[in-house]
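**Q** For reference, the file data_18.cif (mmCIF, C-alpha atoms and all ligand atoms) is included below:
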data_coords
#
loop_
_atom_site.label_atom_id
_atom_site.label_comp_id
_atom_site.auth_asym_id
_atom_site.auth_seq_id
_atom_site.Cartn_x
_atom_site.Cartn_y
_atom_site.Cartn_z
CA MET A 290 -58.30 47.23 35.94
CA ASP A 291 -58.29 50.75 37.24
CA ARG A 292 -55.02 52.37 36.19
CA ARG A 293 -54.96 54.29 39.44
CA ASP A 294 -54.56 51.01 41.29
CA PHE A 295 -50.90 51.04 40.53
CA VAL A 296 -49.96 54.59 39.59
CA ASN A 297 -49.02 55.38 43.12
CA VAL A 298 -46.07 57.70 42.60
CA SER A 299 -45.93 61.25 41.40
CA ALA A 300 -44.58 60.56 37.91
CA ALA A 301 -47.21 58.05 37.04
CA GLY A 302 -49.84 60.28 38.59
CA PHE A 303 -49.53 62.57 35.59
CA ALA A 304 -50.32 59.67 33.34
CA ALA A 305 -53.36 58.79 35.44
CA VAL A 306 -54.85 62.21 34.87
CA GLY A 307 -54.16 62.01 31.17
CA LEU A 308 -51.06 64.15 30.75
CA PRO A 309 -48.80 62.77 28.03
CA LEU A 310 -45.65 61.17 29.32
CA MET A 311 -43.49 63.52 27.27
CA ALA A 312 -45.10 66.48 28.97
CA ALA A 313 -44.50 64.87 32.31
CA ALA A 314 -40.87 64.24 31.38
CA GLU A 315 -40.42 67.84 30.25
CA GLN A 316 -41.67 69.00 33.59
CA GLY A 317 -38.88 67.03 35.21
CA VAL A 318 -41.19 64.64 36.94
CA PHE A 319 -39.26 61.51 36.02
CA SER A 320 -36.06 60.55 37.68
CA ARG A 321 -33.02 62.08 36.02
CA GLY A 322 -30.36 60.38 38.05
CA PRO A 323 -29.49 60.40 41.71
CA ALA A 324 -31.20 63.70 42.50
CA GLY A 325 -34.53 62.47 41.20
CA ALA A 326 -34.06 59.15 42.90
CA ALA A 327 -33.26 60.87 46.15
CA GLN A 328 -36.53 62.74 45.93
CA GLY A 329 -38.38 59.43 45.65
CA ARG A 330 -39.39 59.97 42.05
CA ARG A 331 -38.41 56.55 40.79
CA LEU A 332 -41.10 53.97 40.39
CA PRO A 333 -40.60 51.35 43.09
CA ALA A 334 -38.87 48.11 42.15
CA LEU A 335 -41.12 45.33 40.92
CA ARG A 336 -41.09 41.62 41.65
CA ILE A 337 -43.00 38.76 40.10
CA THR A 338 -45.21 37.42 42.87
CA ASP A 339 -47.19 34.75 41.03
CA VAL A 340 -47.57 33.06 37.66
CA GLN A 341 -50.99 31.57 36.95
CA THR A 342 -52.15 29.38 34.09
CA ILE A 343 -55.75 29.77 32.95
CA LEU A 344 -57.30 27.19 30.62
CA THR A 345 -60.53 28.09 28.87
CA GLN A 346 -62.32 27.36 25.60
CA PRO A 347 -64.94 30.01 24.80
CA ALA A 348 -64.89 29.04 21.10
CA ASN A 349 -64.52 25.29 21.72
CA ILE A 350 -60.77 25.47 21.20
CA LYS A 351 -58.57 24.80 24.21
CA LEU A 352 -56.68 28.03 25.04
CA ILE A 353 -53.92 28.57 27.58
CA VAL A 354 -53.43 32.04 29.01
CA VAL A 355 -50.71 33.02 31.46
CA LYS A 356 -51.19 35.72 34.06
CA VAL A 357 -48.05 37.14 35.68
CA LEU A 358 -48.75 39.07 38.88
CA THR A 359 -46.40 41.62 40.39
CA SER A 360 -45.66 43.21 43.72
CA GLU A 361 -47.51 46.33 42.61
CA PRO A 362 -51.16 45.89 43.59
CA GLY A 363 -53.34 45.42 40.52
CA LEU A 364 -50.43 45.33 38.05
CA TYR A 365 -50.37 42.09 36.08
CA GLY A 366 -49.79 40.98 32.52
CA LEU A 367 -51.36 38.41 30.20
CA GLY A 368 -49.74 36.20 27.61
CA CYS A 369 -50.77 33.47 25.19
CA ALA A 370 -49.32 29.98 25.73
CA THR A 371 -51.82 28.11 23.56
CA PHE A 372 -50.65 24.74 22.28
CA THR A 373 -54.15 23.41 21.97
CA GLN A 374 -53.13 19.83 21.17
CA ARG A 375 -51.09 19.46 24.38
CA ALA A 376 -52.70 21.97 26.74
CA ARG A 377 -52.01 20.05 29.95
CA VAL A 378 -48.35 19.63 29.14
CA VAL A 379 -47.86 23.38 28.70
CA GLU A 380 -49.81 23.97 31.91
CA THR A 381 -47.39 21.67 33.74
CA ALA A 382 -44.33 23.32 32.16
CA ILE A 383 -45.51 26.69 33.47
CA ASP A 384 -46.91 25.73 36.87
CA ARG A 385 -44.28 23.22 37.92
CA TYR A 386 -41.16 24.55 36.22
CA LEU A 387 -41.31 28.19 35.04
CA LYS A 388 -43.25 29.61 37.96
CA PRO A 389 -40.71 28.67 40.68
CA PHE A 390 -37.92 29.92 38.39
CA LEU A 391 -39.59 33.31 37.99
CA ILE A 392 -41.01 34.20 41.41
CA GLY A 393 -39.08 37.15 42.86
CA LYS A 394 -37.52 38.22 39.55
CA ASP A 395 -37.94 41.75 38.13
CA PRO A 396 -40.67 41.54 35.44
CA LEU A 397 -39.19 44.52 33.59
CA GLN A 398 -36.02 42.56 32.71
CA ILE A 399 -37.79 40.97 29.76
CA GLU A 400 -34.74 40.03 27.71
CA ASP A 401 -32.92 38.53 30.66
CA ILE A 402 -35.98 36.57 31.72
CA PHE A 403 -36.36 35.20 28.20
CA GLN A 404 -32.70 34.23 27.92
CA SER A 405 -32.49 32.65 31.36
CA SER A 406 -35.84 30.85 31.13
CA PHE A 407 -34.87 29.55 27.69
CA VAL A 408 -31.88 27.68 29.07
CA SER A 409 -33.49 26.82 32.42
CA SER A 410 -34.54 23.43 31.07
CA TYR A 411 -31.09 22.87 29.51
CA TRP A 412 -32.94 21.08 26.64
CA ARG A 413 -34.81 23.76 24.76
CA ASN A 414 -37.12 24.73 21.92
CA GLY A 415 -40.26 22.91 20.91
CA PRO A 416 -43.92 23.80 21.18
CA VAL A 417 -44.33 22.98 24.88
CA LEU A 418 -41.40 25.01 26.18
CA GLY A 419 -41.86 27.70 23.50
CA ASN A 420 -45.49 28.27 24.44
CA ALA A 421 -44.68 28.26 28.15
CA LEU A 422 -42.01 30.94 27.56
CA SER A 423 -44.39 32.90 25.36
CA GLY A 424 -47.12 33.02 27.99
CA VAL A 425 -44.66 34.67 30.36
CA ASP A 426 -42.93 36.83 27.73
CA MET A 427 -46.11 38.44 26.37
CA ALA A 428 -47.29 39.03 29.94
CA LEU A 429 -44.04 40.89 30.71
CA TRP A 430 -44.49 43.16 27.66
CA ASP A 431 -48.06 43.77 28.86
CA ILE A 432 -46.74 44.69 32.32
CA VAL A 433 -44.05 47.09 31.09
CA GLY A 434 -46.62 48.74 28.81
CA LYS A 435 -49.08 49.18 31.65
CA ARG A 436 -46.36 50.54 33.88
CA ALA A 437 -45.22 53.03 31.25
CA ASN A 438 -48.87 53.82 30.46
CA LEU A 439 -48.13 53.04 26.80
CA PRO A 440 -49.52 50.49 24.36
CA VAL A 441 -46.99 47.76 23.55
CA TYR A 442 -46.72 48.86 19.91
CA GLN A 443 -45.36 52.18 21.21
CA LEU A 444 -42.58 50.29 23.01
CA PHE A 445 -41.76 48.65 19.67
CA GLY A 446 -41.16 52.02 18.02
CA GLY A 447 -44.69 53.19 17.29
CA LYS A 448 -47.14 52.79 14.46
CA CYS A 449 -45.89 52.21 10.92
CA ARG A 450 -49.49 52.07 9.67
CA ASP A 451 -52.96 53.01 10.86
CA ALA A 452 -54.41 49.52 10.91
CA VAL A 453 -53.44 45.95 10.11
CA ASP A 454 -54.70 44.39 6.88
CA THR A 455 -55.99 40.86 7.35
CA TYR A 456 -57.20 37.95 5.28
CA ALA A 457 -60.39 36.00 5.73
CA HIS A 458 -60.87 32.23 5.55
CA THR A 459 -63.37 30.92 3.03
CA SER A 460 -64.12 27.40 1.93
CA GLY A 461 -66.85 25.28 0.41
CA GLY A 462 -67.86 21.95 -1.00
CA THR A 463 -68.01 23.38 -4.53
CA PHE A 464 -66.42 26.25 -6.46
CA GLN A 465 -69.77 28.08 -6.30
CA GLN A 466 -69.86 27.76 -2.51
CA VAL A 467 -66.31 29.11 -2.22
CA GLU A 468 -67.21 31.98 -4.54
CA ALA A 469 -70.32 32.82 -2.49
CA ALA A 470 -68.25 32.81 0.71
CA ALA A 471 -65.57 34.99 -0.93
CA ARG A 472 -68.20 37.49 -2.11
CA ARG A 473 -69.55 37.71 1.42
CA ALA A 474 -66.01 38.35 2.68
CA ARG A 475 -65.60 41.11 0.05
CA GLU A 476 -68.86 42.67 1.26
CA ARG A 477 -67.46 42.69 4.81
CA GLY A 478 -64.48 44.65 3.48
CA TYR A 479 -61.75 42.03 3.09
CA ARG A 480 -59.29 42.56 0.25
CA HIS A 481 -57.45 39.28 0.91
CA ILE A 482 -59.27 35.95 0.97
CA ARG A 483 -57.99 32.44 1.58
CA ILE A 484 -59.81 29.92 -0.64
CA GLN A 485 -60.00 26.19 0.11
CA VAL A 486 -62.30 23.68 -1.62
CA ALA A 487 -63.35 20.12 -0.87
CA VAL A 488 -62.09 17.40 -3.15
CA PRO A 489 -64.95 15.19 -4.40
CA GLY A 490 -64.86 11.75 -2.78
CA LEU A 491 -62.39 12.80 -0.09
CA THR A 492 -63.44 13.88 3.40
CA GLY A 493 -60.37 15.31 5.04
CA THR A 494 -59.36 18.28 2.88
CA TYR A 495 -57.61 20.90 5.01
CA GLY A 496 -59.56 24.07 5.68
CA VAL A 497 -62.93 22.74 4.54
CA GLY A 498 -65.45 22.05 7.29
CA GLY A 499 -68.48 19.78 7.26
CA GLN A 500 -67.45 17.36 4.54
CA ALA A 501 -69.63 14.31 3.94
CA GLN A 502 -68.29 10.96 5.01
CA ALA A 503 -66.84 8.78 2.25
CA GLU A 504 -65.90 5.14 2.32
CA ARG A 505 -62.28 4.26 2.57
CA ASP A 506 -60.94 1.19 0.81
CA ILE A 507 -59.57 0.06 4.15
CA PRO A 508 -61.47 1.77 7.00
CA VAL A 509 -58.79 2.23 9.65
CA ASN A 510 -59.86 5.25 11.61
CA ARG A 511 -62.64 7.57 10.52
CA ARG A 512 -61.90 10.49 12.81
CA GLY A 513 -59.51 12.35 10.54
CA GLY A 514 -61.01 11.66 7.17
CA LEU A 515 -59.79 10.28 3.91
CA TRP A 516 -57.43 12.25 1.74
CA GLU A 517 -55.27 11.85 -1.37
CA PRO A 518 -52.74 14.36 -2.73
CA GLY A 519 -53.24 13.73 -6.47
CA PRO A 520 -56.89 14.82 -6.84
CA TYR A 521 -56.16 17.78 -4.55
CA VAL A 522 -53.34 19.27 -6.64
CA ARG A 523 -55.51 18.86 -9.76
CA ILE A 524 -58.56 20.66 -8.34
CA VAL A 525 -56.89 23.69 -6.72
CA PRO A 526 -55.79 25.37 -10.02
CA LYS A 527 -59.36 24.87 -11.31
CA LEU A 528 -60.67 26.63 -8.20
CA PHE A 529 -58.31 29.57 -8.82
CA GLU A 530 -59.34 29.70 -12.49
CA HIS A 531 -63.00 29.82 -11.45
CA MET A 532 -62.41 32.49 -8.83
CA ARG A 533 -60.41 34.77 -11.13
CA ARG A 534 -62.98 34.39 -13.92
CA GLN A 535 -65.91 35.14 -11.60
CA MET A 536 -64.39 37.78 -9.33
CA GLY A 537 -61.82 39.47 -11.52
CA ASP A 538 -58.39 40.79 -10.60
CA ASP A 539 -59.31 43.28 -7.91
CA VAL A 540 -59.03 40.83 -5.01
CA GLU A 541 -56.15 38.83 -3.56
CA PHE A 542 -56.48 35.07 -3.16
CA LEU A 543 -54.43 32.93 -0.79
CA HIS A 544 -54.26 29.17 -0.34
CA ASP A 545 -52.85 26.83 2.32
CA VAL A 546 -51.36 23.50 1.17
CA HIS A 547 -50.79 22.60 4.84
CA GLU A 548 -47.64 20.57 4.05
CA ARG A 549 -49.76 17.69 2.80
CA VAL A 550 -48.42 16.75 -0.57
CA PRO A 551 -45.16 15.22 -1.81
CA PRO A 552 -42.65 17.98 -2.70
CA ILE A 553 -42.79 17.37 -6.43
CA LEU A 554 -46.60 17.80 -6.43
CA ALA A 555 -46.26 21.00 -4.42
CA MET A 556 -43.81 22.29 -7.02
CA GLN A 557 -46.24 21.46 -9.83
CA LEU A 558 -49.06 23.17 -7.93
CA CYS A 559 -47.06 26.38 -7.50
CA ARG A 560 -46.32 26.50 -11.22
CA ASP A 561 -49.96 25.80 -12.11
CA LEU A 562 -51.20 28.57 -9.79
CA GLU A 563 -48.71 31.23 -10.87
CA GLN A 564 -50.90 32.43 -13.77
CA TYR A 565 -53.77 33.20 -11.33
CA ARG A 566 -51.53 35.56 -9.33
CA PRO A 567 -52.00 34.18 -5.80
CA PHE A 568 -51.10 36.56 -2.96
CA PHE A 569 -49.30 33.61 -1.43
CA LEU A 570 -49.28 29.86 -1.30
CA GLU A 571 -48.76 28.66 2.25
CA ASP A 572 -46.71 25.74 3.57
CA PRO A 573 -46.04 24.02 0.24
CA PHE A 574 -43.56 21.79 2.12
CA SER A 575 -43.38 20.38 5.62
CA PRO A 576 -40.64 21.70 7.93
CA GLU A 577 -38.80 18.44 7.22
CA ASP A 578 -38.73 19.25 3.50
CA VAL A 579 -37.49 22.86 3.57
CA GLY A 580 -34.47 21.77 1.54
CA TYR A 581 -36.76 21.85 -1.50
CA PHE A 582 -37.26 25.61 -1.34
CA GLU A 583 -34.20 26.41 -3.44
CA LYS A 584 -35.49 24.21 -6.24
CA LEU A 585 -38.98 25.68 -5.95
CA ARG A 586 -37.68 29.24 -6.02
CA ALA A 587 -35.81 28.52 -9.24
CA LEU A 588 -38.97 27.16 -10.85
CA THR A 589 -41.62 29.75 -10.08
CA SER A 590 -42.39 33.28 -8.97
CA CYS A 591 -45.46 32.09 -7.04
CA PRO A 592 -45.25 33.99 -3.71
CA LEU A 593 -44.41 31.60 -0.88
CA ALA A 594 -45.44 31.71 2.76
CA MET A 595 -44.00 29.28 5.28
CA GLY A 596 -43.57 28.49 8.85
CA GLU A 597 -46.44 28.01 11.31
CA LEU A 598 -44.77 24.81 12.55
CA PHE A 599 -41.31 26.31 13.07
CA ASN A 600 -39.80 26.04 16.56
CA ASN A 601 -36.09 26.62 16.32
CA PRO A 602 -34.37 29.55 14.58
CA ASN A 603 -32.21 27.06 12.71
CA GLU A 604 -35.35 25.99 10.84
CA TYR A 605 -35.97 29.43 9.32
CA ILE A 606 -32.82 31.57 9.35
CA HIS A 607 -31.58 29.97 6.13
CA LEU A 608 -34.94 30.44 4.36
CA ILE A 609 -35.01 34.13 5.28
CA SER A 610 -31.36 35.02 4.70
CA ASN A 611 -31.34 33.23 1.34
CA ARG A 612 -34.57 34.94 0.28
CA LEU A 613 -36.29 31.61 -0.34
CA ILE A 614 -39.68 32.66 1.02
CA ASP A 615 -41.75 35.85 0.76
CA PHE A 616 -43.76 35.64 3.99
CA ILE A 617 -42.81 34.24 7.38
CA ARG A 618 -45.82 32.51 8.98
CA ILE A 619 -44.45 31.70 12.42
CA HIS A 620 -46.89 31.04 15.26
CA ILE A 621 -45.50 33.60 17.71
CA SER A 622 -46.25 31.66 20.88
CA GLN A 623 -44.58 28.58 19.39
CA ILE A 624 -41.17 30.29 19.20
CA GLY A 625 -41.30 31.83 22.67
CA GLY A 626 -43.29 35.05 22.33
CA LEU A 627 -42.81 38.67 21.32
CA THR A 628 -39.15 38.97 22.34
CA GLN A 629 -38.23 36.28 19.84
CA ALA A 630 -40.73 37.39 17.16
CA ARG A 631 -39.39 40.96 17.13
CA LYS A 632 -35.98 39.59 16.26
CA VAL A 633 -37.43 37.44 13.48
CA ALA A 634 -39.26 40.47 12.07
CA ALA A 635 -36.05 42.51 12.13
CA LEU A 636 -34.08 39.73 10.44
CA CYS A 637 -36.77 39.52 7.76
CA GLU A 638 -36.62 43.28 7.21
CA TRP A 639 -33.03 43.09 5.96
CA PHE A 640 -33.99 40.47 3.39
CA ASN A 641 -37.34 42.00 2.44
CA VAL A 642 -39.30 39.03 3.69
CA ARG A 643 -42.68 40.13 4.98
CA THR A 644 -44.46 38.99 8.16
CA ALA A 645 -47.71 37.05 8.11
CA TRP A 646 -47.94 35.73 11.67
CA HIS A 647 -50.14 32.69 12.19
CA GLY A 648 -53.53 33.79 13.56
CA PRO A 649 -56.15 31.02 13.64
CA GLY A 650 -58.61 30.07 16.41
CA ASP A 651 -55.93 28.29 18.41
CA VAL A 652 -54.17 31.58 19.05
CA SER A 653 -55.97 33.12 22.04
CA PRO A 654 -57.31 36.68 21.73
CA VAL A 655 -54.33 37.69 23.89
CA GLY A 656 -52.04 36.17 21.25
CA HIS A 657 -53.98 37.97 18.50
CA ALA A 658 -53.49 41.25 20.36
CA ALA A 659 -49.75 40.51 20.54
CA ASN A 660 -49.71 39.77 16.79
CA VAL A 661 -51.43 43.04 16.01
CA HIS A 662 -49.20 45.16 18.26
CA LEU A 663 -46.18 43.76 16.45
CA ASP A 664 -47.81 44.09 13.00
CA ILE A 665 -48.60 47.74 13.46
CA ALA A 666 -45.00 48.55 14.41
CA THR A 667 -43.26 46.34 11.80
CA PRO A 668 -42.16 48.10 8.59
CA ASN A 669 -41.95 44.81 6.66
CA PHE A 670 -45.40 43.66 7.73
CA GLY A 671 -47.18 41.74 4.96
CA ILE A 672 -50.59 40.50 6.05
CA GLN A 673 -52.25 39.17 9.20
CA GLU A 674 -54.46 36.09 9.36
CA GLY A 675 -57.60 37.62 10.84
CA ARG A 676 -60.26 36.30 13.15
CA GLU A 677 -63.75 37.58 13.91
CA PHE A 678 -64.13 36.87 17.60
CA THR A 679 -67.32 35.30 18.92
CA GLN A 680 -69.37 36.98 21.63
CA ALA A 681 -68.16 34.34 24.10
CA GLU A 682 -64.53 35.19 23.25
CA ARG A 683 -65.27 38.89 23.71
CA ASP A 684 -66.89 38.19 27.08
CA VAL A 685 -63.87 36.24 28.30
CA PHE A 686 -61.32 38.63 26.74
CA PRO A 687 -62.53 42.25 26.98
CA GLY A 688 -60.48 44.41 24.60
CA CYS A 689 -60.09 41.89 21.74
CA PRO A 690 -58.59 43.52 18.64
CA GLU A 691 -61.42 44.96 16.53
CA LEU A 692 -61.90 43.76 12.96
CA ARG A 693 -63.50 46.42 10.78
CA ASN A 694 -63.53 46.51 7.00
CA GLY A 695 -60.98 43.72 6.90
CA TYR A 696 -58.54 45.61 9.12
CA PHE A 697 -57.52 44.81 12.67
CA TRP A 698 -57.45 47.85 14.94
CA VAL A 699 -55.75 47.85 18.31
CA ASN A 700 -57.06 49.97 21.10
CA ASP A 701 -54.71 52.47 22.67
CA ARG A 702 -54.95 51.17 26.21
CA PRO A 703 -51.64 50.53 28.00
CA GLY A 704 -49.93 47.19 27.48
CA LEU A 705 -51.59 44.73 25.11
CA GLY A 706 -54.94 46.44 25.76
CA ILE A 707 -56.74 43.18 26.46
CA ASP A 708 -57.96 41.69 29.73
CA LEU A 709 -59.20 38.34 31.00
CA ASN A 710 -62.56 38.01 32.75
CA GLU A 711 -61.78 35.00 34.89
CA MET A 712 -65.39 34.47 35.96
CA ALA A 713 -66.43 34.34 32.32
CA ALA A 714 -63.46 32.06 31.51
CA ARG A 715 -64.66 29.58 34.12
CA ARG A 716 -67.92 29.18 32.20
CA PHE A 717 -65.86 27.46 29.48
CA PRO A 718 -63.72 24.93 31.34
CA ILE A 719 -61.58 22.65 29.25
CA THR A 720 -62.42 18.98 29.36
CA ASP A 721 -59.92 16.22 28.80
CA ASP A 722 -62.30 13.96 26.91
CA PRO A 723 -61.07 13.94 24.25
CA PRO A 724 -57.83 15.61 25.34
CA PHE A 725 -57.50 17.34 21.96
CA ASP A 726 -58.96 17.46 18.47
CA MET A 727 -58.43 13.84 17.51
CA ARG A 728 -58.44 14.55 13.78
CA TRP A 729 -54.74 15.44 14.10
CA GLY A 730 -52.78 12.30 13.38
CA ASN A 731 -55.80 10.53 11.90
CA TYR A 732 -55.88 11.80 8.32
CA ARG A 733 -55.24 8.78 6.14
CA ARG A 734 -54.88 7.77 2.53
CA ARG A 735 -57.00 5.15 0.81
CA ASP A 736 -54.60 2.41 1.80
CA GLY A 737 -54.80 3.42 5.46
CA SER A 738 -51.40 5.12 5.72
CA VAL A 739 -51.24 8.29 7.76
CA ILE A 740 -50.56 11.66 6.12
CA ARG A 741 -49.44 14.97 7.57
CA PRO A 742 -52.39 16.96 8.90
CO CO A 801 -51.51 27.38 7.76
#
As structure tokens, how would this structure be written, given the file I've shared?
Ligand code: CO

**A**
Amino acid sequence: MDRRDFVNVSAAGFAAVGLPLMAAAEQGVFSRGPAGAAQGRRLPALRITDVQTILTQPANIKLIVVKVLTSEPGLYGLGCATFTQRARVVETAIDRYLKPFLIGKDPLQIEDIFQSSFVSSYWRNGPVLGNALSGVDMALWDIVGKRANLPVYQLFGGKCRDAVDTYAHTSGGTFQQVEAAARRARERGYRHIRIQVAVPGLTGTYGVGGQAQAERDIPVNRRGGLWEPGPYVRIVPKLFEHMRRQMGDDVEFLHDVHERVPPILAMQLCRDLEQYRPFFLEDPFSPEDVGYFEKLRALTSCPLAMGELFNNPNEYIHLISNRLIDFIRIHISQIGGLTQARKVAALCEWFNVRTAWHGPGDVSPVGHAANVHLDIATPNFGIQEGREFTQAERDVFPGCPELRNGYFWVNDRPGLGIDLNEMAARRFPITDDPPFDMRWGNYRRRDGSVIRP
């Protein structure tokens, strides 16, 4: 978008020709009360004129992006509302419910829009309503940034660091394959590497793609794969031992348990891994089992990361304020967007819990941009789950955060600095067959019983 499309008043005109806002302010261009207003120097009032939901899947993952349009020609914002497993439900929540609630409101009243939208359904929280709110909320931060001619991180207080350190995903069928993948990640500049390995004889190990099919004792449903917790918790410490022996101490290793094992096995795993100095162990428990964290904390100094499934502040406030975790892993769109995530980051700061926002492929590039804008302005930032965007993603989302040398860099364009090429997005329409990745809910044990994904 051409900035000049919407910088149609004198104050913003300075920004359009590249003069810093401070300089413009010093020259008395901005309104300083009634006199300025009387001279027509205030930016005109804004209204939300439309809220659109765009579904696309440039990387074969169903993404939901929200576009909030305003009464100022050409001024719009983008937000991530991706709940890939229930894309159509989020679409409905936005199109049928949030949109009529928002039309005509002032898009700069971000806090009020969050608070009022949050209670507009009376029943609240959850991934559908959280993602719907997030799509709008991020778009409003994008709009206020564009209007102020400032990147969103500047609105959050400015840069605390030059770039955002990330971790790479690696996996393999054998320890040697994981090691080869980790060495490649090191060569690309990553200092932090998540390591996941297949468990022999099992097909559904989290984070390991392309596993061979294995026979189940009772073949119930083959989509999700076969998985057992016991062999898994025995192999992971051996993987860490291998990786430390082969790659030394000058690299950080991470691992994601993905809430799959009984709490007592997760506790054993943390103790077994402690000697290999993991950077963090992620989601040792499910959200339903967070009551175990106090016991785990007393047992081990293994760094703990938790929380991509969290919806409701009551699920995580206790973990943070009692210093039971080291990294908060919330999926920002799940909890309602940047307005909510900023508060979580600030809460964490007082308890020295670091942020490690969830950043896999089912966060849209718009959501990744939001993550990175918050990361760069958060003093207690810990690490960011990184993603190397495909060419198709870059075509659909011009301005994706850049990954170089293992660091995410944001551009300095106003707002979130990312756009949506709707023509390109239409080349990747989402199909409803199947409606989502059917492996979720289909991971089963040998006896056919379902396990958490
Ligand atoms: Co995870």

**Q** To one decimal place, how far is CA of His481 (chain A) from CA of Ala594 (chain A) in Å?

**A**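 Separation of CA of His481 (chain A) and CA of Ala594 (chain A): 14.3 Å.
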
**Q** Env of Arg676 (chain A): 9 Å cut, atoms = all atoms listed in the file, seq-sep filter 4 positions within chain, self excluded. Answer as a compact mmCIF listing (two decimals) with C-alpha atoms, in the frame of the given file.

**A**
# COMPACT_ATOMS: atom_id res chain seq x y z
CA THR A 455 -55.99 40.86 7.35
CA TYR A 456 -57.20 37.95 5.28
CA ALA A 457 -60.39 36.00 5.73
CA HIS A 458 -60.87 32.23 5.55
CA GLY A 648 -53.53 33.79 13.56
CA PRO A 649 -56.15 31.02 13.64
CA GLY A 650 -58.61 30.07 16.41
CA HIS A 657 -53.98 37.97 18.50
CA LEU A 692 -61.90 43.76 12.96
CA PHE A 697 -57.52 44.81 12.67

**Q** Using only C-alpha atoms, can you tell me which of A:Arg336, A:Ala659, A:Thr667, A:Asp736 comes closest to Gly626 (chain A)?

**A**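 Among the listed residues, A:Ala659 lies closest to Gly626 (chain A).
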
**Q** Nearest to ligand CO 801 (chain A): which of A:His547, A:His620, A:Arg716, A:Arg693 is it, counting only C-alpha atoms and all ligand atoms?

**A**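 So, comparing all the options, the nearest one is A:His547.
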
**Q** Under the rule of at most 7 Å, produce a per-residue listing of chain A near ligand CO 801 (chain A): chain, number, name, the closest pair of atoms, and the distance in Å, as JSON lines, using all atoms listed in the file.

**A**
{"residue": "A:Asp545", "atom": "CA", "partner": "A:CO801", "partner_atom": "CO", "distance": 5.6}
{"residue": "A:His547", "atom": "CA", "partner": "A:CO801", "partner_atom": "CO", "distance": 5.6}
{"residue": "A:Glu571", "atom": "CA", "partner": "A:CO801", "partner_atom": "CO", "distance": 6.3}
{"residue": "A:Asp572", "atom": "CA", "partner": "A:CO801", "partner_atom": "CO", "distance": 6.6}
{"residue": "A:Glu597", "atom": "CA", "partner": "A:CO801", "partner_atom": "CO", "distance": 6.2}

**Q** Tell me which of A:Asp426, A:Asp708, A:Asp578, A:Glu583 sits closest to Gln623 (chain A), counting all atoms listed in the file.

**A** A:Asp426

**Q** From the options A:Asp451, A:Glu577, A:Glu711, A:Glu682, which residue's atoms come nearest to Val355 (chain A), counting all atoms listed in the file?

**A**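 Smallest separation from Val355 (chain A) among the options: A:Glu711.
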
**Q** Write out as an MDAnalysis selection string which residues come within 9 Å of region 523-535 of chain A when counting all atoms listed in the file, dropping same-chain ones fewer than 4 positions away.

**A** chainID A and resid 463:465 467:468 471 484:488 518:519 540 542 544 558 561:562 564:565 567

**Q** Using only C-alpha atoms, find each residue in region 331-377 of chain A having at least one atom no more than 12 Å away from region 388-399 of chain A; report its shortest atom-to-atom pair and that distance in Å (one decimal), rows by chain then rising number, as CSV.

**A**
residue,atom,partner,partner_atom,distance
A:Leu332,CA,A:Leu397,CA,11.8
A:Pro333,CA,A:Asp395,CA,11.1
A:Ala334,CA,A:Asp395,CA,7.6
A:Leu335,CA,A:Asp395,CA,5.5
A:Arg336,CA,A:Asp395,CA,4.7
A:Ile337,CA,A:Gly393,CA,5.1
A:Thr338,CA,A:Ile392,CA,5.5
A:Asp339,CA,A:Ile392,CA,6.2
A:Val340,CA,A:Lys388,CA,5.5
A:Gln341,CA,A:Lys388,CA,8.0
A:Thr342,CA,A:Lys388,CA,9.7
A:Val355,CA,A:Lys388,CA,10.5
A:Lys356,CA,A:Lys388,CA,10.8
A:Val357,CA,A:Pro396,CA,8.6
A:Leu358,CA,A:Pro396,CA,9.1
A:Thr359,CA,A:Pro396,CA,7.6
A:Ser360,CA,A:Gly393,CA,9.0
A:Glu361,CA,A:Pro396,CA,11.0
A:Leu364,CA,A:Pro396,CA,10.8
A:Tyr365,CA,A:Pro396,CA,9.7
A:Gly366,CA,A:Pro396,CA,9.6

**Q** Rank nothing, just name the residue among A:Ala370, A:Ala376, A:Val685, A:Ala714 nearest to Ser622 (chain A), using all atoms listed in the file.

**A**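 Once distances to Ser622 (chain A) are computed over all atoms listed in the file, the minimum belongs to A:Ala370.
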
**Q** If you count all atoms listed in the file, which residues fall within 8 Å of Cys449 (chain A), apart from same-chain ones fewer than 6 positions away, as a short mmCIF file (atom, residue, chain, number, x, y, z; two decimals) with C-alpha atoms, in the frame of the given file?

**A**
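Saved as around.cif:
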data_model
loop_
_atom_site.label_atom_id
_atom_site.label_comp_id
_atom_site.auth_asym_id
_atom_site.auth_seq_id
_atom_site.Cartn_x
_atom_site.Cartn_y
_atom_site.Cartn_z
CA ILE A 665 -48.60 47.74 13.46
CA ALA A 666 -45.00 48.55 14.41
CA THR A 667 -43.26 46.34 11.80
CA PRO A 668 -42.16 48.10 8.59
#

**Q** When you draw a straight line from CA of Ile482 (chain A) to CA of Met536 (chain A), how long is it in Å?

**A** 11.6 Å

**Q** Using only C-alpha atoms, which residue out of A:Ile740, A:Met727, A:Leu515, A:Ile383 lies closest to Asn420 (chain A)?

**A**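 Of the candidates, the smallest distance to Asn420 (chain A) is held by A:Ile383.
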
**Q** With 10 Å as the threshold, what does the neighbourhood of (-35.9, 27.8, -5.2) contain in terms of residues, counting all atoms listed in the file? Coordinates are those of the file; answer as a count of residues only.

**A** 17
